[in-house]
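S.K.: Structure below; questions to follow.
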Amino acid sequence: MEKRIYVSTIYTSGHLQQLLTILNQFLTDSNATDIILDFSKCTFLAQNAVAVIGGMASFLKLHGSSLTLDRETLISKININLAQNGLLNHLGYPHTPWDGNSIPFRHDLFLNKKAIACYLNEHWLGKGWLNISKDLKEHIVCKVIEIYGNAFDHSYSDLGVFSCGQYYPNKKQLKLTILDLGVGIPANVRKFQAILDLPEEDAIKWAFQQGNSTKLTPKMARGNGLEIIKSFIQKNQGGKLEIYSHGGIAKITQNNDEYGRQDIPFQGTIVNINLVCDSKYYFLDSELQKQDQPFF
Amino acid sequence: MERKTVTVSQLIGSYGITLNDGREVYASIQALLAQGNIVTLNFQDVTLFASPFFNAAIGQLLSEFKSDYLNEHLYFDNLSSAGHGTLRQVLKNAKAYYNNELTREAVDRVLHEAAIA
């Protein structure tokens, strides 16, 4: 059975929710369905949608179904962008991605340190569109790699991790979406705390607190990753971190952190990072600290 | 007591990210510290750091050695600003963890229950 889904123009996470809602109905349906995406109502496709479409295609393939694009309905600039960033190649179309101004779509089945570091350094941050120092670049990559580490460590997904970035020159914003289709933060926290009805917002808030981890290792403190990213966003201007995970939502900005739930949960975890592309908005940790202060 | 230098990139390459990366480093310095040596970890050519690496490499040393001892016996060379920031955050969390007996006991109890389940 085939089902046609109309993809609307997707700029923000709010727009993406419409697509996720429709896709979720098929993902939770036991009867496998082949999906055709129709873009006749779509004039822009942000990086979050690209990552989701790539992830959904892998999910459906694993379950014996397929996801295809009705390319007749794609406007030229989206068609070129999807060819260039590698999504079409991922979906099985005979297009080899090429290096250009779009930030590539990426699918990793394991934490390929070298390749992901290269992706973040060269393709995401390294296109010359950022007015940032080498030092700041390293800080940003170190924070983002925490997210990849978390996804591989906690999602328990055989499908790996999907990511895609986008640069918005007018707003001087750089965005990255990292997606997994695993068990999600609320389920991990509920299992760890043995509270099966723990609300999503409480679970996701718990995961952000320093020292909280659902992974225990003998003689070892853990639970730094999300707190480190949150702290980076909150010490600098204009950045934003959003996490959507199986009904739980976290939105972190410099002046605010809020945790909530969404009525129609997405069966996976989406992390969106927005950064402003200018050094003047950043204040690095090391500048706050005396280098000669004892470590221990 | 001797001065020993451990070059991190020779153990793990350019990326200190995972627990396993950290365990490699921990395994190479734990005994040196236990013997009373002064150890310098040289991070030349290590360009990427994440908290699991530092938790395993450095944080867990606090389970065996006092803070004062580590301040006098373990030094870091060529650690980038980003690595410096992540290490400090990891150690802040590790100190809270190791100073909190209730937390450690709770972790040990859960691990023990998981092991015998």
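Naming scheme: A, B, ... for chains in displayed order of the structure tokens; residues 1 onward per chain; ligands 1 onward as shown.
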Write out as a list in words all residues of stretch 11-103 of chain B that backbone DSSP assigns to strand (DSSP E).
M.R.: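 The residues of stretch 11-103 of chain B classed as strand (DSSP E) are Tyr15, Gly16, Ile38, Val39, Thr40, Leu41, Asn42, Leu48, Phe49, Leu74, Tyr75, Phe76 and Asp77 of chain B.
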S.K.: Could you name the residues that touch stretch 7-10 of chain B at 9 Å or less, counting only C-alpha atoms, but leaving out those on the same chain fewer than 5 positions away, as a list in words?
M.R.: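 Here the answer would be Tyr15, Gly16, Val25, Thr40, Leu41, Asn42, Phe43, Gln44, Asp45 and Val46 of chain B.
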S.K.: Select all residues from chain A having any atom no more than 7 Å from an atom of chain B (counting only C-alpha atoms, ignoring ligands), output as a ChimeraX atom specification.
M.R.: /A:113,135,138-139,142,145-146,210-211,216,218-222,224-225,285-286,294-296
S.K.: Using only N, CA and C atoms, please write the residues we just selected to a file, as an mmCIF file, in the first residue's frame.
M.R.:
data_model
loop_
_atom_site.group_PDB
_atom_site.id
_atom_site.type_symbol
_atom_site.label_atom_id
_atom_site.label_comp_id
_atom_site.auth_asym_id
_atom_site.auth_seq_id
_atom_site.Cartn_x
_atom_site.Cartn_y
_atom_site.Cartn_z
ATOM 1 N N LYS A 113 34.781 8.807 14.965
ATOM 2 C CA LYS A 113 35.329 10.041 15.536
ATOM 3 C C LYS A 113 35.968 10.936 14.473
ATOM 4 N N ASP A 135 40.194 28.700 18.312
ATOM 5 C CA ASP A 135 39.913 28.314 19.689
ATOM 6 C C ASP A 135 38.418 28.118 19.923
ATOM 7 N N GLU A 138 37.038 25.074 18.201
ATOM 8 C CA GLU A 138 37.317 23.848 18.948
ATOM 9 C C GLU A 138 36.327 23.682 20.112
ATOM 10 N N HIS A 139 36.017 24.794 20.765
ATOM 11 C CA HIS A 139 35.027 24.737 21.849
ATOM 12 C C HIS A 139 33.678 24.238 21.327
ATOM 13 N N CYS A 142 33.719 20.546 20.398
ATOM 14 C CA CYS A 142 33.740 19.716 21.615
ATOM 15 C C CYS A 142 32.352 19.604 22.239
ATOM 16 N N ILE A 145 30.132 17.313 19.817
ATOM 17 C CA ILE A 145 30.505 15.893 19.827
ATOM 18 C C ILE A 145 29.890 15.188 21.044
ATOM 19 N N GLU A 146 29.592 15.948 22.091
ATOM 20 C CA GLU A 146 28.891 15.370 23.247
ATOM 21 C C GLU A 146 27.522 14.828 22.816
ATOM 22 N N GLN A 210 23.449 18.296 36.193
ATOM 23 C CA GLN A 210 24.832 17.831 36.341
ATOM 24 C C GLN A 210 24.893 16.602 37.241
ATOM 25 N N GLY A 211 25.575 15.571 36.767
ATOM 26 C CA GLY A 211 25.765 14.364 37.583
ATOM 27 C C GLY A 211 24.701 13.313 37.388
ATOM 28 N N LEU A 216 25.440 3.782 34.583
ATOM 29 C CA LEU A 216 26.302 3.724 35.760
ATOM 30 C C LEU A 216 27.552 2.924 35.428
ATOM 31 N N PRO A 218 31.154 1.536 37.398
ATOM 32 C CA PRO A 218 31.795 1.439 38.713
ATOM 33 C C PRO A 218 32.896 2.477 38.894
ATOM 34 N N LYS A 219 32.926 3.092 40.036
ATOM 35 C CA LYS A 219 33.969 4.045 40.441
ATOM 36 C C LYS A 219 34.061 5.272 39.537
ATOM 37 N N MET A 220 32.994 5.582 38.812
ATOM 38 C CA MET A 220 33.124 6.694 37.866
ATOM 39 C C MET A 220 31.916 7.625 37.908
ATOM 40 N N ALA A 221 32.191 8.910 38.068
ATOM 41 C CA ALA A 221 31.126 9.907 37.967
ATOM 42 C C ALA A 221 30.798 10.107 36.492
ATOM 43 N N ARG A 222 29.523 10.236 36.178
ATOM 44 C CA ARG A 222 29.119 10.506 34.797
ATOM 45 C C ARG A 222 28.015 11.567 34.804
ATOM 46 N N ASN A 224 27.659 14.407 32.466
ATOM 47 C CA ASN A 224 28.115 15.772 32.198
ATOM 48 C C ASN A 224 27.614 16.326 30.873
ATOM 49 N N GLY A 225 27.336 15.455 29.919
ATOM 50 C CA GLY A 225 27.177 15.867 28.525
ATOM 51 C C GLY A 225 26.160 16.962 28.301
ATOM 52 N N ASP A 285 34.802 29.563 28.377
ATOM 53 C CA ASP A 285 34.989 29.138 29.772
ATOM 54 C C ASP A 285 36.355 29.524 30.311
ATOM 55 N N SER A 286 37.368 29.280 29.504
ATOM 56 C CA SER A 286 38.735 29.445 29.992
ATOM 57 C C SER A 286 39.037 30.891 30.363
ATOM 58 N N PRO A 294 44.287 25.154 40.795
ATOM 59 C CA PRO A 294 44.444 23.696 40.831
ATOM 60 C C PRO A 294 43.258 22.998 40.166
ATOM 61 N N PHE A 295 43.548 21.885 39.487
ATOM 62 C CA PHE A 295 42.483 21.154 38.809
ATOM 63 C C PHE A 295 41.645 20.335 39.787
ATOM 64 N N PHE A 296 42.317 19.773 40.811
ATOM 65 C CA PHE A 296 41.611 18.785 41.652
ATOM 66 C C PHE A 296 41.165 19.390 42.988
#
S.K.: I'd like the interatomic distance between atom CA of A:His154 and atom CA of A:Phe266, to a tenth of an Å.
M.R.: 16.5 Å
S.K.: So which residues touch A:Leu109 within 9 Å, counting only C-alpha atoms, skipping near sequence neighbours fewer than 2 positions away, as a ChimeraX atom specification?
M.R.: /A:107,111-112,152,158-162
S.K.: Let me make sure I understand: among A:Leu241, A:Cys164, A:Leu91, A:Ile233, which one has the smallest atom-to-atom distance to A:Tyr282 if we use only C-alpha atoms?
M.R.: A:Ile233
S.K.: Per DSSP on the backbone, filter stretch 26-96 of chain A down to the residues in helix (DSSP H, G or I) and report them as an NGL selection string.
M.R.: :A and (26-27 or 47-62 or 71-73 or 76-85 or 87-90)
S.K.: Looking at only C-alpha atoms, which of A:Asn81, A:Gln166, A:Gln25, A:Gln262 is the one that sits closest to A:Pro199?
M.R.: A:Gln262
S.K.: Which is closer to B:Ile29 than all the others in B:Phe53, B:Ile12, B:Asn78, B:Lys4, using only C-alpha atoms?
M.R.: B:Lys4
S.K.: Record the distance separating atom CA of A:Ser163 and atom CA of A:Leu179, expressed in Å with one decimal.
M.R.: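 According to the coordinates, atom CA of A:Ser163 and atom CA of A:Leu179 are separated by 6.1 Å.
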S.K.: Distance atom CA of A:Ile10-atom CA of A:Cys118, one decimal place?
M.R.: 27.5 Å
S.K.: May I have the residues within 6 Å of stretch 33-39 of chain B as a list in words, using only C-alpha atoms and disregarding those fewer than 3 positions away in the same chain?
M.R.: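 Listed by chain and then number, they are Met1, Glu2, Arg3, Lys4, Thr5, Gln30, His73 and Leu74 of chain B.
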